[in-house]
Amino acid sequence: MHKYANPKKYKALSKYILTASLGLALALLGWGLYLALIASPPDYQQSETVRIMYIHVPAAWLSMFIYASMTVAAIVLTIWRHTLAGFYIRAAAPIGACFTAACLISGALWGQPTWGTWWVWDARLTSVLILFFLYLGAIALSNAYDNPDKGNQATAWLVIVGSVNLPIIKFSVDWWNTLHQPASLTSFSRMAAPGIHHDMLVPLLVMAGGFLCLYVVLVILRLDNEIAARKIHVLRLKAING
């Protein structure tokens with residue numbers, strides 16, 4: 001896979017991935033919204049407010065997945081100095097911040113009728129809020145340097161250090177007595193016998209697949225912008241020095 005660290009070879013491959021991901025995103029999100037809003041039943045306790053779950057949970061999954069993928073890219077950049085890994089971090093951070101914001105906002109909308117409050121300093125909620133700030137820090141740090149390479153390297157270290165927050169988010173409901181309910185899908189054994197009815201599980205997984213495909217589309221488009229911006233930066237430096 002090292003050859004795809006070259007931006008030119010990456011762009012040749014990304015065209016096909018972009019087309020396929022866009023088609024899948026439209027199909028899965030359309031199907032998922034139908035299942036979530038129309039076909040799935042209301043919850044016996046939460047009634048219609050349970051439908052917020054179909055946005056909140058996939059957004060929460062994506063917020064962690066994106067940061068984990070940024071951590072992998074940060075390690076690759078730190079060890080092998082692959083330019084594309086730095087581009088990926090810069091491209092993914094704003095998208096991850098948006099998914100994390102969607103998770104926090106939808107969680108507040110869901111929590112108010114369920115818990116009777118918009119926000120509590122619960123371990124899960126607080127650690128996700130920290131994740132949001134880590135995304136914002138990565139965005140700010142990557143743009144704080146005149147030299148993009150130095151900005152990418154500094155951001156990579158921030159992302160690596162911040163990755164310690166991911167297991168805290170994941171296991172916070174198990175480690176502490178929190179208001180947030182435990183996850184219904186925590187392992188392969190839980191997938192075999194999940195704590196959620198299949199009428200709700202299927203829309204949830206379809207929406208999660210749609211969110212993932214949407215992320216792939218967005219990150220490829222942003223990666224293309226980052227590559228183009230780097231080319232412009234190099235041309236300007238040549239013009240100044242030439």
# chains A, B, ... in the order shown; residues from 1 in each chain; ligands from 1
$ closest_atom_pairs --of "segment 149-172 of chain A" --to "segment 131-144 of chain A" --cutoff "9 Å" --atoms "only C-alpha atoms" --output "CSV"
residue,atom,partner,partner_atom,distance
A:Asp149,CA,A:Ser142,CA,8.9
A:Lys150,CA,A:Ser142,CA,8.3
A:Gly151,CA,A:Ser142,CA,4.5
A:Asn152,CA,A:Ser142,CA,5.6
A:Gln153,CA,A:Ser142,CA,8.4
A:Ala154,CA,A:Leu141,CA,7.1
A:Thr155,CA,A:Ala138,CA,5.5
A:Ala156,CA,A:Ala138,CA,8.2
A:Leu158,CA,A:Ala138,CA,6.9
A:Val159,CA,A:Ala138,CA,7.0
A:Gly162,CA,A:Leu134,CA,6.7
A:Ser163,CA,A:Leu131,CA,8.9
A:Asn165,CA,A:Leu131,CA,7.1
A:Leu166,CA,A:Leu131,CA,8.1
A:Ile169,CA,A:Leu131,CA,8.7
$ write_last_selection --atoms "N, CA and C atoms" --output "mmCIF file, in the first residue's frame"
data_model
loop_
_atom_site.group_PDB
_atom_site.id
_atom_site.type_symbol
_atom_site.label_atom_id
_atom_site.label_comp_id
_atom_site.auth_asym_id
_atom_site.auth_seq_id
_atom_site.Cartn_x
_atom_site.Cartn_y
_atom_site.Cartn_z
ATOM 1 N N ASP A 149 4.339 21.330 6.360
ATOM 2 C CA ASP A 149 4.916 20.077 6.848
ATOM 3 C C ASP A 149 5.118 20.114 8.359
ATOM 4 N N LYS A 150 5.616 21.239 8.878
ATOM 5 C CA LYS A 150 5.794 21.376 10.322
ATOM 6 C C LYS A 150 4.441 21.357 11.031
ATOM 7 N N GLY A 151 3.435 22.004 10.411
ATOM 8 C CA GLY A 151 2.102 21.974 10.987
ATOM 9 C C GLY A 151 1.533 20.573 11.046
ATOM 10 N N ASN A 152 1.746 19.785 9.992
ATOM 11 C CA ASN A 152 1.253 18.408 9.964
ATOM 12 C C ASN A 152 1.942 17.547 11.018
ATOM 13 N N GLN A 153 3.267 17.739 11.187
ATOM 14 C CA GLN A 153 4.004 16.947 12.169
ATOM 15 C C GLN A 153 3.571 17.283 13.590
ATOM 16 N N ALA A 154 3.377 18.572 13.870
ATOM 17 C CA ALA A 154 2.908 18.967 15.200
ATOM 18 C C ALA A 154 1.505 18.432 15.471
ATOM 19 N N THR A 155 0.660 18.488 14.460
ATOM 20 C CA THR A 155 -0.709 17.980 14.601
ATOM 21 C C THR A 155 -0.707 16.478 14.814
ATOM 22 N N ALA A 156 0.201 15.774 14.139
ATOM 23 C CA ALA A 156 0.294 14.324 14.295
ATOM 24 C C ALA A 156 0.573 13.947 15.743
ATOM 25 N N LEU A 158 -0.144 15.773 18.407
ATOM 26 C CA LEU A 158 -1.345 16.073 19.179
ATOM 27 C C LEU A 158 -2.372 14.954 19.035
ATOM 28 N N VAL A 159 -2.559 14.474 17.822
ATOM 29 C CA VAL A 159 -3.533 13.408 17.570
ATOM 30 C C VAL A 159 -3.130 12.132 18.304
ATOM 31 N N GLY A 162 -3.721 12.590 21.984
ATOM 32 C CA GLY A 162 -5.154 12.650 22.245
ATOM 33 C C GLY A 162 -5.877 11.331 22.086
ATOM 34 N N SER A 163 -5.230 10.360 21.416
ATOM 35 C CA SER A 163 -5.891 9.073 21.191
ATOM 36 C C SER A 163 -6.149 8.311 22.485
ATOM 37 N N ASN A 165 -7.848 9.298 24.734
ATOM 38 C CA ASN A 165 -9.241 9.581 25.085
ATOM 39 C C ASN A 165 -10.213 8.568 24.490
ATOM 40 N N LEU A 166 -9.811 7.871 23.423
ATOM 41 C CA LEU A 166 -10.730 6.941 22.765
ATOM 42 C C LEU A 166 -11.156 5.782 23.669
ATOM 43 N N ILE A 169 -13.632 7.055 26.217
ATOM 44 C CA ILE A 169 -14.994 7.184 25.692
ATOM 45 C C ILE A 169 -15.671 5.822 25.624
#
$ select_by_dssp --residues "segment 41-231 of chain A" --states "helix (DSSP H, G or I)" --output "PyMOL selection string"
chain A and resi 48-80+83-115+123-142+148-162+165-175+188-192+198-231
$ residues_around --residues "segment 74-88 of chain A" --least-positions-apart "3" --cutoff "12 Å" --atoms "only C-alpha atoms" --output "ChimeraX atom specification"
/A:1-11,66-71,91-96,138-139,142,148-163,216,218-230
$ closest_residue --among "A:Phe65, A:Tyr145, A:Tyr54, A:Trp110" --to "Ala36 of chain A" --atoms "only C-alpha atoms"
A:Tyr54
$ closest_residue --among "A:Ser21, A:Ser127, A:Ser47, A:Ser40" --to "Leu104 of chain A" --atoms "only C-alpha atoms"
A:Ser127
$ closest_residue --among "A:Ala59, A:Ala208, A:Val72, A:Leu29" --to "Cys98 of chain A" --atoms "only C-alpha atoms"
A:Ala59
